[in-house]
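Structure file protein_25.txt (compact mmCIF, C-alpha atoms) follows.
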```txt
# COMPACT_ATOMS: atom_id res chain seq x y z
CA MET A 1 -40.21 -93.86 92.08
CA GLY A 2 -37.53 -96.43 91.32
CA ASP A 3 -39.16 -97.21 87.99
CA VAL A 4 -39.18 -93.56 86.97
CA ARG A 5 -35.44 -93.24 87.61
CA LEU A 6 -34.75 -96.47 85.81
CA ASN A 7 -36.85 -95.38 82.85
CA ALA A 8 -35.11 -91.99 82.74
CA ILE A 9 -31.67 -93.62 82.70
CA ALA A 10 -32.80 -96.09 80.05
CA ALA A 11 -34.17 -93.20 77.96
CA VAL A 12 -30.87 -91.30 78.19
CA PHE A 13 -28.92 -94.36 77.06
CA ALA A 14 -31.42 -95.07 74.30
CA VAL A 15 -31.15 -91.52 72.94
CA TRP A 16 -27.36 -91.66 73.22
CA TRP A 17 -27.36 -94.97 71.34
CA VAL A 18 -29.60 -93.66 68.55
CA ILE A 19 -27.56 -90.48 68.10
CA SER A 20 -24.32 -92.51 68.09
CA ALA A 21 -25.76 -94.86 65.49
CA CYS A 22 -26.81 -91.91 63.29
CA ASN A 23 -23.32 -90.46 63.66
CA GLN A 24 -21.79 -93.47 61.88
CA PHE A 25 -23.39 -92.53 58.56
CA ARG A 26 -22.16 -89.90 56.10
CA SER A 27 -19.14 -89.20 58.33
CA GLY A 28 -21.34 -87.73 61.03
CA ALA A 29 -22.93 -85.12 58.76
CA TRP A 30 -26.42 -85.75 60.19
CA THR A 31 -25.33 -85.01 63.75
CA LEU A 32 -22.83 -82.24 63.06
CA ARG A 33 -24.92 -79.47 64.68
CA LEU A 34 -25.83 -81.56 67.67
CA ARG A 35 -22.23 -82.61 68.35
CA ARG A 36 -21.23 -78.97 68.81
CA TYR A 37 -23.26 -78.93 72.01
CA VAL A 38 -22.16 -82.31 73.33
CA PRO A 39 -18.92 -82.10 75.32
CA LEU A 40 -16.15 -84.66 75.81
CA GLY A 41 -16.68 -86.35 72.45
CA LEU A 42 -19.53 -88.40 73.85
CA ILE A 43 -20.93 -88.99 70.38
CA PRO A 44 -18.41 -91.40 68.87
CA LEU A 45 -17.47 -91.81 65.23
CA TRP A 46 -15.92 -95.19 64.51
CA THR A 47 -14.16 -95.45 61.19
CA PHE A 48 -12.53 -98.88 61.22
CA PHE A 49 -15.57 -100.77 60.06
CA ALA A 50 -18.71 -100.48 57.93
CA PRO A 51 -20.76 -98.49 57.24
CA ASN A 52 -18.13 -95.77 57.43
CA PRO A 53 -14.62 -97.15 56.93
CA ALA A 54 -11.90 -94.52 56.90
CA ARG A 55 -10.06 -94.61 53.62
CA VAL A 56 -7.08 -92.74 52.27
CA ASP A 57 -5.86 -93.42 48.75
CA SER A 58 -2.33 -92.63 47.65
CA ARG A 59 -2.10 -91.56 44.05
CA LEU A 60 0.88 -91.06 41.80
CA ILE A 61 0.82 -88.05 39.50
CA TRP A 62 3.48 -86.77 37.14
CA ARG A 63 4.22 -84.03 34.64
CA GLU A 64 6.80 -83.37 31.97
CA GLU A 65 8.63 -80.27 30.86
CA HIS A 66 8.96 -79.01 27.30
CA GLY A 67 11.56 -76.33 26.95
CA SER A 68 10.78 -74.18 29.94
CA ARG A 69 7.07 -75.02 30.15
CA TRP A 70 5.52 -77.67 32.32
CA ASP A 71 2.58 -79.71 31.09
CA CYS A 72 -0.42 -80.39 33.31
CA TRP A 73 -0.19 -83.03 36.00
CA ARG A 74 -1.42 -86.45 34.94
CA GLU A 75 -2.48 -89.29 37.13
CA LEU A 76 -1.12 -92.79 36.83
CA HIS A 77 -4.46 -94.51 37.06
CA LEU A 78 -4.33 -98.28 37.08
CA GLY A 79 -8.08 -98.72 37.16
CA PHE A 80 -10.30 -101.00 39.19
CA ALA A 81 -12.06 -104.23 38.36
CA PRO A 82 -15.83 -103.94 37.81
CA ALA A 83 -17.62 -103.71 41.15
CA LYS A 84 -19.78 -106.76 40.39
CA SER A 85 -16.85 -109.13 39.90
CA ARG A 86 -14.26 -107.44 42.10
CA TRP A 87 -14.85 -109.81 45.01
CA LEU A 88 -13.86 -112.74 42.78
CA VAL A 89 -11.37 -111.45 40.21
CA ASN A 90 -9.42 -108.28 40.85
CA PRO A 91 -6.07 -108.28 39.05
CA GLU A 92 -5.86 -104.49 39.31
CA LEU A 93 -5.56 -104.87 43.07
CA ILE A 94 -2.00 -106.17 42.68
CA LEU A 95 -0.88 -103.14 40.66
CA ASN A 96 -2.66 -100.69 42.95
CA LYS A 97 -1.28 -102.37 46.06
CA ALA A 98 2.24 -102.33 44.62
CA VAL A 99 2.02 -98.57 44.10
CA VAL A 100 0.58 -98.10 47.61
CA ASP A 101 3.46 -100.10 49.10
CA LEU A 102 6.05 -98.14 47.12
CA VAL A 103 4.50 -94.87 48.24
CA SER A 104 4.41 -96.08 51.82
CA SER A 105 8.10 -97.09 51.68
CA LEU A 106 9.08 -93.78 50.15
CA LEU A 107 7.19 -91.71 52.71
CA ARG A 108 8.78 -93.73 55.51
CA VAL A 109 12.27 -93.02 54.15
CA ARG A 110 11.38 -89.34 53.72
CA LEU A 111 10.17 -89.12 57.31
CA GLU A 112 13.29 -90.76 58.71
CA GLN A 113 15.77 -88.89 56.52
CA GLN A 114 15.10 -85.23 55.95
CA ASP A 115 17.89 -84.80 53.36
CA ARG A 116 18.13 -86.03 49.75
CA SER A 117 18.51 -89.67 50.76
CA ALA A 118 15.09 -90.52 49.41
CA LEU A 119 16.53 -89.94 45.92
CA LEU A 120 18.49 -93.17 46.07
CA SER A 121 15.90 -95.26 47.86
CA SER A 122 14.50 -98.25 46.00
CA ALA A 123 10.96 -96.90 46.22
CA TYR A 124 11.89 -93.53 44.70
CA LEU A 125 13.81 -95.13 41.84
CA THR A 126 10.99 -97.54 41.13
CA LEU A 127 8.33 -94.82 41.13
CA LEU A 128 10.49 -92.67 38.86
CA SER A 129 10.97 -95.56 36.47
CA ILE A 130 7.22 -96.22 36.46
CA VAL A 131 6.38 -92.66 35.44
CA LEU A 132 9.14 -92.72 32.85
CA THR A 133 7.50 -95.71 31.16
CA GLN A 134 4.24 -93.80 30.69
CA PRO A 135 3.45 -92.49 27.20
CA ARG A 136 5.04 -89.08 26.78
CA ARG A 137 5.06 -86.31 24.24
CA THR A 138 8.14 -86.30 22.09
CA GLY A 139 10.71 -83.71 22.99
CA SER A 140 10.03 -83.58 26.70
CA SER A 141 13.20 -82.71 28.55
CA SER A 142 12.47 -83.47 32.17
CA ILE A 143 9.96 -85.10 34.45
CA GLN A 144 8.66 -84.75 37.98
CA PHE A 145 6.27 -86.84 40.03
CA ALA A 146 4.26 -86.27 43.17
CA ILE A 147 2.23 -88.32 45.57
CA VAL A 148 -1.16 -87.05 46.59
CA ARG A 149 -3.49 -88.47 49.16
CA THR A 150 -7.22 -88.35 48.76
CA SER A 151 -9.70 -89.02 51.51
CA ALA A 152 -13.45 -89.02 51.43
CA GLY A 153 -14.76 -86.41 53.80
CA THR A 154 -18.24 -85.32 54.73
CA HIS A 155 -18.73 -83.44 51.49
CA ALA A 156 -16.02 -83.09 48.84
CA ARG A 157 -13.01 -85.36 48.39
CA ARG A 158 -10.01 -83.95 50.23
CA VAL A 159 -6.72 -83.89 48.30
CA ASP A 160 -3.34 -83.37 49.96
CA VAL A 161 0.12 -83.32 48.43
CA ALA A 162 2.27 -85.76 50.41
CA PHE A 163 5.48 -85.79 48.40
CA LEU A 164 7.06 -83.90 45.53
CA SER A 165 10.01 -85.38 43.69
CA GLU A 166 12.96 -83.48 42.34
CA VAL A 167 13.05 -82.63 38.65
CA HIS A 168 14.84 -85.26 36.57
CA ASP A 169 16.27 -85.04 33.10
CA ILE A 170 14.86 -87.54 30.65
CA VAL A 171 17.26 -89.85 28.89
CA ASP A 172 15.27 -91.65 26.22
CA SER A 173 17.44 -94.75 26.09
CA VAL A 174 16.14 -95.95 29.43
CA THR A 175 12.52 -96.95 29.43
CA HIS A 176 12.20 -99.20 32.44
CA VAL A 177 14.00 -100.58 35.45
CA CYS A 178 13.90 -104.18 36.60
CA MET B 1 -15.10 -95.25 26.61
CA ARG B 2 -14.35 -94.81 30.28
CA SER B 3 -16.81 -96.25 32.73
CA GLU B 4 -18.61 -93.99 35.16
CA GLN B 5 -16.83 -95.68 38.04
CA GLU B 6 -13.41 -95.01 36.52
CA LYS B 7 -14.31 -91.37 35.93
CA LYS B 8 -15.27 -91.01 39.58
CA SER B 9 -12.16 -92.73 40.88
CA ARG B 10 -9.76 -90.67 38.80
CA LEU B 11 -8.54 -87.30 39.98
CA MET B 12 -10.59 -84.63 38.26
CA ALA B 13 -9.04 -81.86 36.19
CA VAL B 14 -10.01 -79.30 38.81
CA GLU B 15 -8.29 -81.34 41.53
CA LEU B 16 -5.13 -81.63 39.45
CA ALA B 17 -5.24 -77.89 38.84
CA ALA B 18 -5.60 -77.29 42.59
CA ILE B 19 -2.61 -79.54 43.24
CA ASP B 20 -0.60 -77.58 40.68
CA LEU B 21 -1.58 -74.30 42.34
CA THR B 22 -0.64 -75.63 45.76
CA ILE B 23 2.78 -76.79 44.58
CA THR B 24 3.44 -73.57 42.69
CA ALA B 25 2.42 -71.45 45.68
CA LEU B 26 4.62 -73.47 48.05
CA GLN B 27 7.62 -73.25 45.76
CA ALA B 28 7.09 -69.53 45.19
CA GLY B 29 6.99 -69.06 48.95
CA GLY B 30 10.18 -71.05 49.39
CA ARG B 31 8.40 -73.74 51.38
CA LYS B 32 8.57 -77.48 51.05
CA ILE B 33 5.81 -80.03 50.95
CA ASP B 34 7.07 -81.38 54.29
CA ASP B 35 6.09 -78.09 55.91
CA VAL B 36 2.44 -78.65 55.17
CA ALA B 37 2.07 -82.41 54.73
CA LYS B 38 1.13 -83.10 58.32
CA ASP B 39 -1.44 -85.74 59.07
CA ASP B 40 -3.37 -83.93 61.77
CA ASN B 41 -6.69 -85.39 60.73
CA PRO B 42 -7.49 -88.29 63.11
CA ARG B 43 -9.64 -89.89 60.43
CA GLU B 44 -6.67 -90.05 58.05
CA GLN B 45 -4.35 -91.30 60.78
CA TRP B 46 -6.73 -94.17 61.43
CA ALA B 47 -6.97 -94.95 57.75
CA GLN B 48 -3.20 -94.96 57.34
CA GLY B 49 -2.88 -97.19 60.38
CA TRP B 50 -5.34 -99.53 58.76
CA ALA B 51 -3.31 -99.55 55.54
CA ASP B 52 -0.04 -100.15 57.42
CA ALA B 53 -1.58 -103.06 59.29
CA HIS B 54 -1.76 -105.02 56.06
CA HIS B 55 1.33 -106.83 54.94
CA PRO B 56 2.93 -105.02 52.04
CA PHE B 57 3.56 -106.84 48.78
CA VAL B 58 6.70 -104.77 48.37
CA GLU B 59 8.97 -104.11 51.33
CA LEU B 60 11.98 -102.11 50.29
CA THR B 61 12.70 -100.00 53.33
CA GLU B 62 14.69 -102.67 55.21
CA ARG B 63 17.38 -102.92 52.53
CA ASP B 64 17.55 -99.14 52.28
CA ARG B 65 18.07 -98.91 56.03
CA GLU B 66 21.11 -101.18 55.82
CA ILE B 67 22.85 -98.89 53.36
CA ILE B 68 21.45 -95.57 54.53
CA ALA B 69 24.86 -94.20 55.58
CA GLN B 70 26.26 -94.66 52.06
CA ILE B 71 23.03 -93.34 50.53
CA LYS B 72 23.30 -90.17 52.60
CA VAL B 73 26.86 -89.48 51.46
CA LEU B 74 26.23 -90.17 47.79
CA ALA B 75 22.84 -88.41 47.64
CA GLY B 76 24.48 -85.25 48.94
CA GLN B 77 26.97 -85.32 46.06
CA LEU B 78 24.38 -85.67 43.30
CA SER B 79 23.76 -82.70 41.08
CA SER B 80 20.28 -81.33 40.50
CA ARG B 81 18.16 -82.70 37.64
CA THR B 82 19.83 -86.06 37.73
CA SER B 83 18.50 -88.58 35.27
CA LEU B 84 17.32 -92.06 36.18
CA PRO B 85 20.44 -93.76 34.72
CA GLU B 86 22.65 -91.52 36.87
CA LEU B 87 20.63 -92.36 39.96
CA LEU B 88 20.78 -96.06 39.16
CA LYS B 89 24.52 -95.85 38.64
CA ALA B 90 24.93 -94.19 42.03
CA ARG B 91 22.69 -96.75 43.70
CA GLY B 92 24.61 -99.55 41.95
CA LYS B 93 27.89 -98.26 43.39
CA ILE B 94 26.47 -98.44 46.90
CA VAL B 95 24.95 -101.87 46.50
CA GLN B 96 28.13 -103.32 44.97
CA GLY B 97 30.26 -101.75 47.68
CA SER B 98 28.16 -103.00 50.59
```
Here is the file; what I need is its structure written in the form of structure tokens.
Amino acid sequence: MGDVRLNAIAAVFAVWWVISACNQFRSGAWTLRLRRYVPLGLIPLWTFFAPNPARVDSRLIWREEHGSRWDCWRELHLGFAPAKSRWLVNPELILNKAVVDLVSSLLRVRLEQQDRSALLSSAYLTLLSIVLTQPRRTGSSSIQFAIVRTSAGTHARRVDVAFLSEVHDIVDSVTHVC
Amino acid sequence: MRSEQEKKSRLMAVELAAIDLTITALQAGGRKIDDVAKDDNPREQWAQGWADAHHPFVELTERDREIIAQIKVLAGQLSSRTSLPELLKARGKIVQGS
């Protein structure tokens, strides 16, 4: 009798373990239906480590105005090193990380100060100067940038707007800020 | 020619169009991005926590905090559509005065 109980408990834990393991792949897509019937969040989804690390990318986009018409948004894409050699040489990481840090600083200022203070923060000025150094059409009169966050979900990539700058007039004499 | 990996990592035209629609709709409705940019997704909160746990290459917030009182006053006086040189001039005034 004791063995039967022990085996039953072991079976429950084994099933729980297998379902939990399956839940770590494809953001829990395989166990989505099953989880609806399991209370108390007993099927965990860990996202700190492989195979399913949570990841949110901050991206800088910008657009320029001609007369009274705005162009399409464009992304400041700094690129990535080839996947094969990225573990060894990845110079793009420095540029990408710099933008991530600037975005993080800006969003922190924005959270703490709900007024226009972000306008004069170092991060805002640096991001504005970065987008102003991008190739532009001649005759553009003003510029605006935004920060969007993308995260890989179960199916499609999720895109959220995290910050929208004010509109700034373009003065052509200034091309960059040190 | 762009690599396949770069194409995938870039925002797609349809995503940029969706962003544009979102911003236009918010502005037409008199709402701000702050009203909707709430991180209620636990997965994203974890990911941001992970990102914050790494030492930043660029840490600018500390200096801004020291002069935030002056920034507040001056930022309130700025006109709309300020250019970068005007912003830099205003920031320069604060930094020189502190």
Review point. Rounded to one decimal in Å, what is the spacing between atom CA of A:Val148 and atom CA of A:Arg59?
Key: 5.3 Å
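Comparing the minimum interatomic distances between B:Asp64 and each of B:Gly76, B:Arg81, B:Ile94, B:Arg10, counting all atoms listed in the file, we find that B:Ile94 sits nearest.
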**Study point:** B:Leu87 environment, 9 Å, all atoms listed in the file, sequence neighbours closer than 5 positions dropped, as an MDAnalysis selection string
**Key:** (chainID A and resid 119:120 125) or (chainID B and resid 75 78 82 92)
**Study point:** Given all atoms listed in the file as the counted atoms, nearest of B:Leu26, B:Leu74, B:Ala17, B:Ser83 to A:Ile143
**Key:**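 Smallest distance to A:Ile143 is found for B:Ser83.
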Stretch 22-76 of chain A residues near stretch 85-97 of chain A within 12 Å, closest pair each, using only C-alpha atoms, as JSON lines:
```
{"residue": "A:Asp57", "atom": "CA", "partner": "A:Asn96", "partner_atom": "CA", "distance": 9.8}
{"residue": "A:Ser58", "atom": "CA", "partner": "A:Asn96", "partner_atom": "CA", "distance": 9.3}
{"residue": "A:Arg59", "atom": "CA", "partner": "A:Asn96", "partner_atom": "CA", "distance": 9.2}
{"residue": "A:Leu60", "atom": "CA", "partner": "A:Asn96", "partner_atom": "CA", "distance": 10.3}
{"residue": "A:Leu76", "atom": "CA", "partner": "A:Asn96", "partner_atom": "CA", "distance": 10.1}
```
Practice item. Work out how far apart atom CA of A:Ser121 and atom CA of A:Arg136 are and give it in Å to one decimal. Key: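 For atom CA of A:Ser121 relative to atom CA of A:Arg136, the distance reads 24.5 Å.
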Check your understanding: Quick one, how far is atom CA of A:Thr126 from atom CA of A:Arg110?
Key ->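 That distance, rounded to one decimal, is 15.0 Å.
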Review point. With distances taken over all atoms listed in the file, which of A:Ser129, A:Arg35, A:Val159, A:Arg137 is nearest to A:Trp70?
Key: A:Arg137
Exercise for review: Rank nothing, just name the residue among B:Lys72, B:Val95, B:Glu86, B:Gly30 nearest to chain A, using all atoms listed in the file.
Suggested key: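 Ranking B:Lys72, B:Val95, B:Glu86, B:Gly30 by distance to chain A, first place goes to B:Lys72.
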